[in-house]
file protein16.txt (compact mmCIF, C-alpha atoms)
# COMPACT_ATOMS: atom_id res chain seq x y z
CA ASP A 288 6.89 18.22 -33.41
CA THR A 289 9.33 15.31 -33.50
CA ALA A 290 10.51 14.57 -29.97
CA VAL A 291 13.89 13.04 -30.80
CA SER A 292 15.15 13.68 -34.29
CA GLN A 293 18.22 12.24 -35.95
CA THR A 294 19.89 13.24 -39.17
CA PRO A 295 20.59 11.80 -41.58
CA LYS A 296 18.19 8.88 -41.74
CA TYR A 297 20.40 6.98 -44.16
CA LEU A 298 24.14 7.28 -44.63
CA VAL A 299 26.15 5.35 -47.20
CA THR A 300 29.86 6.01 -47.21
CA GLN A 301 33.17 4.46 -48.14
CA MET A 302 35.64 2.87 -45.77
CA GLY A 303 38.08 5.33 -44.28
CA ASN A 304 35.75 8.30 -44.41
CA ASP A 305 34.73 10.42 -41.43
CA LYS A 306 31.03 11.05 -40.79
CA SER A 307 28.75 12.60 -38.20
CA ILE A 308 25.23 11.85 -37.04
CA LYS A 309 23.24 14.55 -35.30
CA CYS A 310 20.55 14.20 -32.66
CA GLU A 311 18.25 16.75 -31.12
CA GLN A 312 15.48 16.39 -28.54
CA ASN A 313 12.80 18.93 -27.70
CA LEU A 314 11.45 17.17 -24.62
CA GLY A 315 13.53 19.03 -22.07
CA HIS A 316 15.15 15.78 -20.98
CA ASP A 317 18.42 15.85 -19.05
CA THR A 318 19.99 12.69 -20.43
CA MET A 319 20.78 11.54 -23.95
CA TYR A 320 22.16 8.28 -25.29
CA TRP A 321 23.62 6.63 -28.35
CA TYR A 322 22.78 2.99 -29.02
CA LYS A 323 24.02 0.74 -31.81
CA GLN A 324 21.70 -1.91 -33.23
CA ASP A 325 23.44 -4.60 -35.23
CA SER A 326 22.09 -6.78 -38.00
CA LYS A 327 20.67 -9.22 -35.45
CA LYS A 328 18.76 -6.37 -33.80
CA PHE A 329 20.90 -6.49 -30.68
CA LEU A 330 21.00 -3.10 -28.93
CA LYS A 331 24.19 -1.96 -27.27
CA ILE A 332 24.71 1.28 -25.44
CA MET A 333 27.63 3.37 -26.58
CA PHE A 334 27.50 6.68 -24.74
CA SER A 335 25.33 8.71 -22.43
CA TYR A 336 25.41 12.38 -21.49
CA ASN A 337 23.65 14.05 -18.60
CA ASN A 338 23.45 17.83 -18.87
CA LYS A 339 26.40 17.86 -21.28
CA GLU A 340 28.51 15.63 -19.04
CA LEU A 341 29.64 12.21 -20.25
CA ILE A 342 28.35 9.59 -17.80
CA ILE A 343 28.48 6.36 -19.78
CA ASN A 344 31.32 5.49 -22.10
CA GLU A 345 31.14 1.86 -23.05
CA THR A 346 33.90 -0.08 -24.72
CA VAL A 347 33.73 1.31 -28.22
CA PRO A 348 36.62 2.11 -30.54
CA ASN A 349 38.03 5.57 -29.96
CA ARG A 350 37.16 6.33 -33.58
CA PHE A 351 33.72 7.07 -32.14
CA SER A 352 33.48 10.40 -30.37
CA PRO A 353 30.31 11.92 -28.94
CA LYS A 354 29.80 15.60 -28.47
CA SER A 355 27.06 17.40 -26.56
CA PRO A 356 27.05 21.16 -27.14
CA ASP A 357 23.99 21.54 -24.92
CA LYS A 358 21.57 19.22 -23.19
CA ALA A 359 19.23 19.15 -26.18
CA HIS A 360 21.86 17.91 -28.63
CA LEU A 361 24.09 14.87 -28.79
CA ASN A 362 26.13 14.24 -31.91
CA LEU A 363 28.21 11.23 -32.86
CA HIS A 364 31.34 11.56 -34.96
CA ILE A 365 32.99 8.52 -36.46
CA ASN A 366 36.50 8.59 -37.88
CA SER A 367 38.04 6.15 -40.34
CA LEU A 368 34.87 4.20 -40.93
CA GLU A 369 35.13 0.42 -41.19
CA LEU A 370 32.82 -2.19 -42.69
CA GLY A 371 31.94 -3.40 -39.18
CA ASP A 372 30.53 0.00 -38.30
CA SER A 373 27.55 -0.69 -40.54
CA ALA A 374 24.51 -0.72 -38.27
CA VAL A 375 21.55 1.35 -37.20
CA TYR A 376 22.43 4.01 -34.66
CA PHE A 377 19.73 5.22 -32.33
CA CYS A 378 19.69 8.34 -30.27
CA ALA A 379 17.47 8.38 -27.17
CA SER A 380 16.66 10.72 -24.33
CA SER A 381 15.14 10.45 -20.87
CA GLN A 382 14.54 12.35 -17.72
CA GLY A 383 17.43 12.00 -15.32
CA GLY A 384 15.86 9.59 -12.86
CA ALA A 385 16.21 5.83 -13.07
CA ASN A 386 12.47 5.24 -13.25
CA TYR A 387 11.95 6.98 -16.55
CA GLY A 388 11.71 5.25 -19.89
CA TYR A 389 13.52 6.35 -23.01
CA THR A 390 12.25 8.21 -26.03
CA PHE A 391 14.06 7.01 -29.14
CA GLY A 392 14.76 8.67 -32.43
CA SER A 393 13.91 6.85 -35.65
CA GLY A 394 17.50 5.79 -36.23
CA THR A 395 20.31 6.36 -38.72
CA ARG A 396 21.11 3.44 -40.97
CA LEU A 397 24.84 3.58 -41.64
CA THR A 398 26.23 1.47 -44.48
CA VAL A 399 29.96 1.39 -45.01
CA VAL A 400 31.06 0.10 -48.43
CA ALA B 198 26.10 -6.95 -13.57
CA GLN B 199 22.53 -6.54 -14.72
CA SER B 200 21.17 -8.65 -17.55
CA VAL B 201 17.93 -9.54 -19.21
CA ALA B 202 17.00 -12.60 -21.24
CA GLN B 203 14.29 -13.10 -23.81
CA PRO B 204 14.29 -16.84 -24.41
CA GLU B 205 12.19 -16.81 -27.59
CA ASP B 206 13.47 -15.33 -30.82
CA GLN B 207 9.98 -15.46 -32.29
CA VAL B 208 6.45 -15.94 -31.03
CA ASN B 209 3.59 -16.78 -33.36
CA VAL B 210 0.01 -16.30 -32.28
CA ALA B 211 -3.33 -16.28 -34.08
CA GLU B 212 -5.25 -13.04 -34.21
CA GLY B 213 -7.70 -12.82 -31.33
CA ASN B 214 -5.74 -15.21 -29.13
CA PRO B 215 -3.90 -14.13 -25.99
CA LEU B 216 -0.20 -13.52 -26.35
CA THR B 217 2.76 -13.73 -23.99
CA VAL B 218 6.30 -12.58 -24.65
CA LYS B 219 8.72 -13.80 -22.00
CA CYS B 220 11.44 -11.93 -20.16
CA THR B 221 13.64 -12.81 -17.22
CA TYR B 222 16.14 -10.53 -15.54
CA SER B 223 19.10 -10.49 -13.21
CA VAL B 224 20.06 -7.53 -11.02
CA SER B 225 21.65 -7.18 -7.64
CA GLY B 226 18.89 -5.04 -6.18
CA ASN B 227 15.28 -4.23 -6.95
CA PRO B 228 14.86 -3.89 -10.69
CA TYR B 229 13.27 -1.25 -12.81
CA LEU B 230 11.79 -3.08 -15.80
CA PHE B 231 10.60 -1.83 -19.16
CA TRP B 232 9.06 -3.08 -22.38
CA TYR B 233 9.58 -1.44 -25.75
CA VAL B 234 8.22 -2.20 -29.21
CA GLN B 235 10.00 -1.64 -32.51
CA TYR B 236 8.10 -1.57 -35.78
CA PRO B 237 10.06 -2.10 -39.02
CA ASN B 238 12.43 0.75 -39.84
CA ARG B 239 11.37 2.68 -36.76
CA GLY B 240 12.87 3.53 -33.41
CA LEU B 241 11.82 1.82 -30.21
CA GLN B 242 8.64 2.97 -28.52
CA PHE B 243 8.06 2.76 -24.78
CA LEU B 244 5.17 0.43 -23.84
CA LEU B 245 5.18 0.13 -20.07
CA LYS B 246 7.33 -0.05 -16.97
CA TYR B 247 7.46 -1.59 -13.53
CA ILE B 248 9.10 0.46 -10.80
CA THR B 249 7.29 -0.53 -7.63
CA GLY B 250 3.82 -1.36 -6.36
CA ASP B 251 1.25 -3.53 -8.09
CA ASN B 252 2.85 -6.47 -9.87
CA LEU B 253 0.53 -6.11 -12.85
CA VAL B 254 1.25 -3.00 -14.87
CA LYS B 255 -0.77 -1.73 -17.79
CA GLY B 256 0.65 0.08 -20.76
CA SER B 257 -0.02 1.31 -24.25
CA TYR B 258 -2.09 -0.48 -26.93
CA GLY B 259 -3.74 -2.83 -24.42
CA PHE B 260 -0.50 -4.46 -23.30
CA GLU B 261 0.22 -5.41 -19.72
CA ALA B 262 3.08 -7.08 -17.93
CA GLU B 263 3.38 -9.07 -14.74
CA PHE B 264 6.31 -8.68 -12.41
CA ASN B 265 7.22 -11.87 -10.56
CA LYS B 266 10.03 -11.37 -8.10
CA SER B 267 10.43 -15.02 -7.12
CA GLN B 268 10.78 -16.07 -10.74
CA THR B 269 12.67 -12.89 -11.73
CA SER B 270 10.35 -12.51 -14.67
CA PHE B 271 8.48 -9.69 -16.36
CA HIS B 272 6.37 -11.25 -19.10
CA LEU B 273 4.47 -9.09 -21.55
CA LYS B 274 0.85 -10.04 -22.19
CA LYS B 275 -2.18 -9.05 -24.17
CA PRO B 276 -5.60 -10.70 -23.93
CA SER B 277 -6.39 -10.55 -27.64
CA ALA B 278 -3.70 -10.14 -30.29
CA LEU B 279 -4.08 -7.91 -33.33
CA VAL B 280 -2.26 -8.26 -36.64
CA SER B 281 -0.96 -4.74 -36.06
CA ASP B 282 0.82 -5.99 -32.91
CA SER B 283 3.32 -7.79 -35.15
CA ALA B 284 6.67 -6.20 -34.31
CA LEU B 285 9.90 -6.69 -32.40
CA TYR B 286 9.59 -6.46 -28.62
CA PHE B 287 12.40 -5.63 -26.24
CA CYS B 288 12.52 -6.13 -22.52
CA ALA B 289 14.91 -3.88 -20.59
CA VAL B 290 16.21 -3.66 -17.04
CA ARG B 291 17.81 -0.98 -14.98
CA ASP B 292 19.37 -1.48 -11.57
CA PRO B 293 18.71 1.77 -9.72
CA GLY B 294 21.32 0.91 -7.14
CA ARG B 295 24.25 0.68 -9.51
CA GLY B 296 25.00 2.70 -12.59
CA TYR B 297 21.40 3.62 -12.72
CA GLN B 298 21.68 5.57 -15.92
CA LYS B 299 22.39 2.44 -17.89
CA VAL B 300 19.57 0.34 -19.27
CA THR B 301 20.33 -3.13 -20.55
CA PHE B 302 18.13 -4.45 -23.34
CA GLY B 303 17.27 -8.03 -24.16
CA THR B 304 17.90 -9.51 -27.56
CA GLY B 305 14.34 -8.93 -28.71
CA THR B 306 11.43 -11.21 -29.57
CA LYS B 307 9.70 -11.02 -32.90
CA LEU B 308 5.95 -11.28 -32.50
CA GLN B 309 4.04 -12.52 -35.51
CA VAL B 310 0.25 -12.32 -35.31
CA ILE B 311 -1.36 -14.51 -37.93
CA PRO B 312 -4.67 -13.39 -39.42
call {"tool": "encode", "arguments": {"input": "protein16.txt", "output": "structure tokens"}}
result
Amino acid sequence: DTAVSQTPKYLVTQMGNDKSIKCEQNLGHDTMYWYKQDSKKFLKIMFSYNNKELIINETVPNRFSPKSPDKAHLNLHINSLELGDSAVYFCASSQGGANYGYTFGSGTRLTVV
Amino acid sequence: AQSVAQPEDQVNVAEGNPLTVKCTYSVSGNPYLFWYVQYPNRGLQFLLKYITGDNLVKGSYGFEAEFNKSQTSFHLKKPSALVSDSALYFCAVRDPGRGYQKVTFGTGTKLQVIP
């Protein structure tokens, strides 16, 4: 029943490792996003895909790579994890038009040790 | 570039009193404005939006927001606060004329409703 689901919910890993976060939405939305929320709760967009096409690619390290196999899925792969990558990562989806709000997943809390 | 400001990090209000969470925005054209709420350890939930039309918009859980073009504000309001309203509130703006897919969020305001 979950509209936007992310896995895993928690991820603890060592510096230098490579990890992936998966996101799936069952709302039939055209657009999906990745946001990073830092320790001060500030939300920053990272990427957005519309129908599998990358449309927003903010200034993030190229260690972060999104992948959208179909419009219902948007995964985030992170190479060579650093301490500063520790944050909560949120996936979201929306209809394609500008007047639609987002539906967010419950987040993945990434801790790099 | 579009931006949104939430001038208060925290707002405290007694249960039963009216509450206001402030938001101001900056866009080049007509804005699309949104409010979201985040409960602890949860994702953001959509509360309400202003696209066009009536300046007072109503949303979920009894919340409403007033769009004021001259003051470039979109304050969130509720006539009578509940303890369960305690959460983090985010204002967001989208400029439909430029890069419309991108929503910019404010820094969030923590609402504390005191019993």
call {"tool": "residues_near_point", "arguments": {"input": "protein16.txt", "point": "(15.9, -5.0, -19.5)", "cutoff": "8 Å", "atoms": "all atoms listed in the file", "output": "list in words"}}
result
Ser200, Val201, Ala202, Tyr222, Leu230, Phe231, Trp232, Phe287, Cys288, Ala289, Val290, Arg291, Val300, Thr301, Phe302 and Gly303 of chain B
call {"tool": "closest_residue", "arguments": {"input": "protein16.txt", "among": "A:Asn386, A:Thr395, A:Asn344, A:Gln293", "to": "chain B", "atoms": "only C-alpha atoms"}}
result
A:Asn386
call {"tool": "closest_residue", "arguments": {"input": "protein16.txt", "among": "A:Arg350, A:Lys296, A:Lys358, A:Arg396", "to": "A:Tyr320", "atoms": "only C-alpha atoms"}}
result
A:Lys358
call {"tool": "interface_residues", "arguments": {"input": "protein16.txt", "of": "chain B", "to": "chain A", "cutoff": "7 Å", "atoms": "all atoms listed in the file", "output": "PyMOL selection string"}}
result
chain B and resi 229+239-243+248+293+297-298+302+304
call {"tool": "atom_distance", "arguments": {"input": "protein16.txt", "atom1": "atom CA of A:Ala290", "atom2": "atom CA of A:Tyr322"}}
result
16.9 Å
call {"tool": "atom_distance", "arguments": {"input": "protein16.txt", "atom1": "atom CA of B:Leu216", "atom2": "atom CA of B:Leu308"}}
result
9.0 Å
call {"tool": "atom_distance", "arguments": {"input": "protein16.txt", "atom1": "atom CA of A:Glu311", "atom2": "atom CA of A:Lys339"}}
result
12.8 Å
call {"tool": "residues_around", "arguments": {"input": "protein16.txt", "residues": "A:Leu361", "least_positions_apart": "2", "cutoff": "6 Å", "atoms": "all atoms listed in the file", "output": "PyMOL selection string"}}
result
chain A and resi 310+354-355
call {"tool": "residues_near_point", "arguments": {"input": "protein16.txt", "point": "(-2.4, -5.2, -34.5)", "cutoff": "9 Å", "atoms": "only C-alpha atoms", "output": "MDAnalysis selection string"}}
result
chainID B and resid 212 258 278:283 310
call {"tool": "axis_aligned_box", "arguments": {"input": "protein16.txt", "around": "stretch 252-263 of chain B", "padding_each_side": "4 Å", "output": "JSON"}}
result
{"center_x": -0.2, "center_y": -3.9, "center_z": -18.4, "size_x": 15.1, "size_y": 18.4, "size_z": 25.1}
call {"tool": "closest_residue", "arguments": {"input": "protein16.txt", "among": "A:Gln324, A:Leu341, A:His360, A:Ser367", "to": "B:Gly305", "atoms": "all atoms listed in the file"}}
result
A:Gln324
call {"tool": "residues_around", "arguments": {"input": "protein16.txt", "residues": "B:Val254", "least_positions_apart": "6", "cutoff": "10 Å", "atoms": "all atoms listed in the file", "output": "JSON, numbers by chain"}}
result
{"B": [245, 246, 247, 248, 260, 261, 262, 263, 264, 271, 273]}
call {"tool": "closest_residue", "arguments": {"input": "protein16.txt", "among": "A:Ser373, A:Asn362, A:Asn338, A:Thr398", "to": "A:Lys309", "atoms": "all atoms listed in the file"}}
result
A:Asn362
